[in-house]
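Novice: Could you have a look at this structure, given as structure tokens, before my questions?
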Amino acid sequence: MVTTHYKPLIGGALTVYDALASHAGEAIEVLTAHTDYVDGSEVEGWQEFDEAASYKIHRIKELRPIRDREPSLRNRVLGKVSAWQLNRIVLEKTLELIDEGGFDTLCIGALDTLGWLGSAVKKQRNIKVTLFIHGEEVSQEAYSARAMERRFASLASVDRIFAVSSFTVGILKARYGISEESIRLQSNGVDLDLFDGTDMSNVRATHKLTDTPLVFACGWLVARKGFDRLIETWPAVLEKVPGAQLKIAGGGPLEEKLSSQIKTLGLDSSVELLGWVNTDNLKKWYGMADIFIMPNRTMPDGDTEGFGLVFLEAAAMRTPSIGGNAGGVVDVIIHEQTGLLIDAEDPVNISEALIQLLTNEEYREKLTIQAYEHAQTQGWQQKTNDFIAELKKLVADN
């Protein structure tokens, strides 16, 4: 598995690859970077993470050029030269690991930045190449016509494409002309050992939330997650559910804007941005909450939620969800069974869904039970077994 960045950095795709490798025994090894491509800084804690992992992780300095550069002519020229040199390093390291490990399959986890690697490897090794596609990397418009051409070429060059949702499968078929035979639906799973449904009512007391209606949200603070709409609609929720608290975990480019929005609306006493929370605390917040929400939406450029792993994690902690009726989330939330799907562009729709679940305890409890039962069928071990079985079949069909 080759991907540009990796845990302990935070991200849905990184969680997926770590989960697959962790449950695959020694069948999967990972090649990634020990620096952050955003600014070139060393990834904090990567050595400790790698040592604790149950599978092999190989790292080189970087697998894609640093993004944080001034857009000058000089930097563009230097960027092209360094990108060519970097691609050579990545290819050489990939071939080295294939030979050392005797691997028969390469899985690429970053289409736009590593899609080129598939055809380059196939020219030099008799190996099956696959792509793992989450959604936004094919739904979002490419930044240039040339980038779009490369995307088409990369998708067409591999032996199999794994897509995390039926939405992603549809995009691959309709927009890129990929045949159904070349795609496998590989939906995400949930770590049932970690998100084990533990009762967190005693933890609520330590946060002074014993009798407080609590709504929890988390994710990368970007537009498609819809947290701005959530904050916008919160005053309407408070009118019907006085004392309700909204906690939003995560970091990202919109953090300052969301903080300002909270202050402008006078919501400081009921809405809090928690920043990034570690896995143990994330589990606690899921379990403490009455409702989990991420009002995701599809942006004008096509950027959307490819799956929505957070909804499964919340369900496993016995918390029903509210999510946007967009992207791959329709595969995760079963409407009116494990949660509610809403029009996340409509603040009224958001507030009505929140008020319905916060004020109807019997209905909320019904969704809670059904969400938990559904999550128990979505564990990572079964998802990994399915993934490995597809890879073995791909090799056997050679």
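Chain labels run A, B, ... following the order of the structure tokens; each chain numbers its residues from 1, and ligands are numbered from 1 in the order shown.
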Could you give me, as a PyMOL selection string, each residue of segment 138-256 of chain A that DSSP assigns to alpha helix (DSSP H) when run on this structure's backbone?
Specialist: chain A and resi 138-139+145-157+166-176+201-206+227-240+255-256
Novice: Atoms to include: C-alpha atoms. Write the selected residues as a PDB file, in the first residue's frame.
Specialist:
```
ATOM      1  CA  VAL A 138     -12.996  11.660  -8.453  1.00  0.00           C
ATOM      2  CA  SER A 139     -16.058  13.810  -7.714  1.00  0.00           C
ATOM      3  CA  ALA A 145      -7.384  19.934 -17.971  1.00  0.00           C
ATOM      4  CA  ARG A 146      -3.962  18.280 -17.834  1.00  0.00           C
ATOM      5  CA  ALA A 147      -4.631  17.045 -14.310  1.00  0.00           C
ATOM      6  CA  MET A 148      -7.952  15.610 -15.499  1.00  0.00           C
ATOM      7  CA  GLU A 149      -6.179  13.786 -18.329  1.00  0.00           C
ATOM      8  CA  ARG A 150      -3.735  12.281 -15.858  1.00  0.00           C
ATOM      9  CA  ARG A 151      -6.627  11.186 -13.652  1.00  0.00           C
ATOM     10  CA  PHE A 152      -8.303   9.404 -16.590  1.00  0.00           C
ATOM     11  CA  ALA A 153      -5.022   7.739 -17.549  1.00  0.00           C
ATOM     12  CA  SER A 154      -4.316   6.570 -13.992  1.00  0.00           C
ATOM     13  CA  LEU A 155      -7.779   5.062 -13.558  1.00  0.00           C
ATOM     14  CA  ALA A 156      -7.549   3.268 -16.893  1.00  0.00           C
ATOM     15  CA  SER A 157      -4.077   1.842 -16.219  1.00  0.00           C
ATOM     16  CA  SER A 166     -22.038   3.184  -4.279  1.00  0.00           C
ATOM     17  CA  PHE A 167     -21.803   6.938  -4.886  1.00  0.00           C
ATOM     18  CA  THR A 168     -18.115   6.571  -5.748  1.00  0.00           C
ATOM     19  CA  VAL A 169     -18.844   3.581  -7.962  1.00  0.00           C
ATOM     20  CA  GLY A 170     -21.419   5.665  -9.830  1.00  0.00           C
ATOM     21  CA  ILE A 171     -18.984   8.533 -10.398  1.00  0.00           C
ATOM     22  CA  LEU A 172     -16.311   6.161 -11.726  1.00  0.00           C
ATOM     23  CA  LYS A 173     -18.732   4.623 -14.199  1.00  0.00           C
ATOM     24  CA  ALA A 174     -20.582   7.745 -15.329  1.00  0.00           C
ATOM     25  CA  ARG A 175     -17.805  10.339 -15.435  1.00  0.00           C
ATOM     26  CA  TYR A 176     -14.742   8.230 -16.185  1.00  0.00           C
ATOM     27  CA  SER A 201     -22.864   8.257  31.308  1.00  0.00           C
ATOM     28  CA  ASN A 202     -20.383   8.449  34.179  1.00  0.00           C
ATOM     29  CA  VAL A 203     -17.951  10.396  31.968  1.00  0.00           C
ATOM     30  CA  ARG A 204     -20.620  13.019  31.259  1.00  0.00           C
ATOM     31  CA  ALA A 205     -20.537  13.999  34.932  1.00  0.00           C
ATOM     32  CA  THR A 206     -16.846  14.897  34.719  1.00  0.00           C
ATOM     33  CA  PHE A 227     -20.275  22.991  10.282  1.00  0.00           C
ATOM     34  CA  ASP A 228     -21.028  26.590   9.322  1.00  0.00           C
ATOM     35  CA  ARG A 229     -24.646  25.627   8.578  1.00  0.00           C
ATOM     36  CA  LEU A 230     -24.795  23.725  11.859  1.00  0.00           C
ATOM     37  CA  ILE A 231     -23.712  26.769  13.863  1.00  0.00           C
ATOM     38  CA  GLU A 232     -26.059  28.992  11.849  1.00  0.00           C
ATOM     39  CA  THR A 233     -29.050  26.867  12.811  1.00  0.00           C
ATOM     40  CA  TRP A 234     -28.113  26.347  16.464  1.00  0.00           C
ATOM     41  CA  PRO A 235     -30.131  29.342  17.819  1.00  0.00           C
ATOM     42  CA  ALA A 236     -33.287  27.702  16.411  1.00  0.00           C
ATOM     43  CA  VAL A 237     -32.400  24.490  18.265  1.00  0.00           C
ATOM     44  CA  LEU A 238     -31.899  26.393  21.539  1.00  0.00           C
ATOM     45  CA  GLU A 239     -35.377  27.884  21.230  1.00  0.00           C
ATOM     46  CA  LYS A 240     -36.907  24.410  21.423  1.00  0.00           C
ATOM     47  CA  GLU A 255     -11.429  27.057  12.402  1.00  0.00           C
ATOM     48  CA  GLU A 256     -10.994  30.823  12.773  1.00  0.00           C
TER      49      GLU A 256
END
```
Novice: Quick one: residues within 10 Å of Leu254 of chain A, only C-alpha atoms counted, chain neighbours fewer than 5 positions away excluded, as number ranges by chain?
Specialist: A: 220-223, 227-228, 259-260
Novice: Please produce, as a tab-separated table, a per-residue contact table for segment 141-233 of chain A versus segment 13-20 of chain A (criterion: any atom at most 10 Å away, only C-alpha atoms considered), showing the nearest atom pair and its distance in Å to one decimal, sorted by chain then residue number.
Specialist:
```
residue	atom	partner	partner_atom	distance
A:Val164	CA	A:Val16	CA	9.9
A:Ser187	CA	A:Val16	CA	9.8
A:Asn188	CA	A:Val16	CA	6.8
A:Gly189	CA	A:Val16	CA	7.9
A:Val190	CA	A:Ala19	CA	8.5
A:Asp191	CA	A:Ala19	CA	7.6
```
Novice: Write out, as a compact mmCIF listing (two decimals), in the first residue's frame, the residues just selected, with C-alpha atoms.
Specialist:
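Final file, result19.txt:
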```
# COMPACT_ATOMS: atom_id res chain seq x y z
CA VAL A 164 -15.75 2.92 -0.73
CA SER A 187 -17.07 -0.02 2.03
CA ASN A 188 -15.33 1.16 5.16
CA GLY A 189 -15.62 -0.62 8.47
CA VAL A 190 -15.46 0.32 12.11
CA ASP A 191 -13.03 -0.72 14.83
```
Novice: Between segment 65-145 of chain A and segment 323-339 of chain A, at 10 Å or less, what are the per-residue closest atom pairs and their distances in Å? Count only C-alpha atoms, order by chain and rising residue number, and return it as a Markdown table.
Specialist:
```
| residue | atom | partner | partner_atom | distance |
| --- | --- | --- | --- | --- |
| A:His134 | CA | A:Gly328 | CA | 8.8 |
| A:Gly135 | CA | A:Gly328 | CA | 7.5 |
| A:Glu136 | CA | A:Gly327 | CA | 8.6 |
| A:Ser139 | CA | A:Gly327 | CA | 8.9 |
```
Novice: Excluding Glu390 of chain A and residues on its chain fewer than 4 positions from it, collect all residues at most 12 Å away from it, counting only C-alpha atoms, and give them as a list in words.
Specialist: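 Those residues are Thr105, Lys128, Thr130, Asp159, Arg160, Ile161, Phe162, Ser182, Ile183, Arg184, Leu185, Gln186, Lys383, Thr384, Asn385, Asp386, Leu394, Val395, Ala396 and Asp397 of chain A.
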Novice: Go ahead and save the picked residues with N, CA and C atoms, as a PDB file, in the first residue's frame.
Specialist:
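Contents of result30.pdb, freshly written:
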```
ATOM      1  N   THR A 105       0.842  -7.682  -5.470  1.00  0.00           N
ATOM      2  CA  THR A 105      -0.150  -6.639  -5.678  1.00  0.00           C
ATOM      3  C   THR A 105       0.331  -5.318  -5.103  1.00  0.00           C
ATOM      4  N   LYS A 128       0.080  -7.020 -10.122  1.00  0.00           N
ATOM      5  CA  LYS A 128      -1.238  -6.425 -10.247  1.00  0.00           C
ATOM      6  C   LYS A 128      -1.249  -5.083  -9.517  1.00  0.00           C
ATOM      7  N   THR A 130      -3.688  -1.869  -8.124  1.00  0.00           N
ATOM      8  CA  THR A 130      -5.042  -1.436  -7.787  1.00  0.00           C
ATOM      9  C   THR A 130      -5.018  -0.010  -7.250  1.00  0.00           C
ATOM     10  N   ASP A 159      -5.448  -2.584 -12.685  1.00  0.00           N
ATOM     11  CA  ASP A 159      -6.171  -3.839 -12.878  1.00  0.00           C
ATOM     12  C   ASP A 159      -7.484  -3.889 -12.101  1.00  0.00           C
ATOM     13  N   ARG A 160      -7.570  -3.135 -11.022  1.00  0.00           N
ATOM     14  CA  ARG A 160      -8.793  -3.119 -10.229  1.00  0.00           C
ATOM     15  C   ARG A 160      -8.891  -1.807  -9.460  1.00  0.00           C
ATOM     16  N   ILE A 161     -10.117  -1.325  -9.287  1.00  0.00           N
ATOM     17  CA  ILE A 161     -10.363  -0.124  -8.493  1.00  0.00           C
ATOM     18  C   ILE A 161     -11.292  -0.493  -7.343  1.00  0.00           C
ATOM     19  N   PHE A 162     -10.884  -0.155  -6.127  1.00  0.00           N
ATOM     20  CA  PHE A 162     -11.726  -0.354  -4.952  1.00  0.00           C
ATOM     21  C   PHE A 162     -12.369   0.980  -4.592  1.00  0.00           C
ATOM     22  N   SER A 182     -14.395  -3.722 -13.554  1.00  0.00           N
ATOM     23  CA  SER A 182     -13.103  -3.263 -13.043  1.00  0.00           C
ATOM     24  C   SER A 182     -13.197  -2.672 -11.636  1.00  0.00           C
ATOM     25  N   ILE A 183     -14.414  -2.532 -11.107  1.00  0.00           N
ATOM     26  CA  ILE A 183     -14.622  -1.868  -9.820  1.00  0.00           C
ATOM     27  C   ILE A 183     -15.146  -2.866  -8.790  1.00  0.00           C
ATOM     28  N   ARG A 184     -14.679  -2.743  -7.576  1.00  0.00           N
ATOM     29  CA  ARG A 184     -15.219  -3.503  -6.464  1.00  0.00           C
ATOM     30  C   ARG A 184     -15.640  -2.531  -5.372  1.00  0.00           C
ATOM     31  N   LEU A 185     -16.854  -2.695  -4.858  1.00  0.00           N
ATOM     32  CA  LEU A 185     -17.320  -1.893  -3.733  1.00  0.00           C
ATOM     33  C   LEU A 185     -16.649  -2.411  -2.470  1.00  0.00           C
ATOM     34  N   GLN A 186     -15.862  -1.547  -1.830  1.00  0.00           N
ATOM     35  CA  GLN A 186     -15.138  -1.920  -0.611  1.00  0.00           C
ATOM     36  C   GLN A 186     -15.473  -0.880   0.454  1.00  0.00           C
ATOM     37  N   LYS A 383     -14.322  -6.669   6.725  1.00  0.00           N
ATOM     38  CA  LYS A 383     -14.004  -5.812   5.585  1.00  0.00           C
ATOM     39  C   LYS A 383     -12.621  -6.156   5.024  1.00  0.00           C
ATOM     40  N   THR A 384     -11.676  -6.413   5.916  1.00  0.00           N
ATOM     41  CA  THR A 384     -10.317  -6.763   5.489  1.00  0.00           C
ATOM     42  C   THR A 384     -10.298  -8.120   4.802  1.00  0.00           C
ATOM     43  N   ASN A 385     -11.016  -9.079   5.363  1.00  0.00           N
ATOM     44  CA  ASN A 385     -11.096 -10.409   4.733  1.00  0.00           C
ATOM     45  C   ASN A 385     -11.622 -10.295   3.315  1.00  0.00           C
ATOM     46  N   ASP A 386     -12.643  -9.459   3.121  1.00  0.00           N
ATOM     47  CA  ASP A 386     -13.215  -9.265   1.783  1.00  0.00           C
ATOM     48  C   ASP A 386     -12.187  -8.638   0.835  1.00  0.00           C
ATOM     49  N   LEU A 394      -7.900 -11.569  -7.875  1.00  0.00           N
ATOM     50  CA  LEU A 394      -7.315 -10.795  -8.980  1.00  0.00           C
ATOM     51  C   LEU A 394      -6.022 -11.435  -9.468  1.00  0.00           C
ATOM     52  N   VAL A 395      -5.194 -11.876  -8.527  1.00  0.00           N
ATOM     53  CA  VAL A 395      -3.921 -12.508  -8.886  1.00  0.00           C
ATOM     54  C   VAL A 395      -4.166 -13.873  -9.529  1.00  0.00           C
ATOM     55  N   ALA A 396      -5.116 -14.624  -8.964  1.00  0.00           N
ATOM     56  CA  ALA A 396      -5.400 -15.971  -9.468  1.00  0.00           C
ATOM     57  C   ALA A 396      -5.983 -15.945 -10.879  1.00  0.00           C
ATOM     58  N   ASP A 397      -6.687 -14.877 -11.212  1.00  0.00           N
ATOM     59  CA  ASP A 397      -7.322 -14.759 -12.535  1.00  0.00           C
ATOM     60  C   ASP A 397      -6.338 -14.342 -13.622  1.00  0.00           C
TER      61      ASP A 397
END
```
Novice: What does the distance between atom CA of Thr304 of chain A and atom CA of Asp343 of chain A come to in Å, to one decimal place?
Specialist: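 Distance between the two atoms: 13.6 Å.
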Novice: Got a sec: who's within 9 Å of segment 31-48 of chain A, counting only C-alpha atoms, leaving out chain neighbours fewer than 4 positions off, as a ChimeraX atom specification?
Specialist: /A:1-9,52-53,56-69,93-94,97
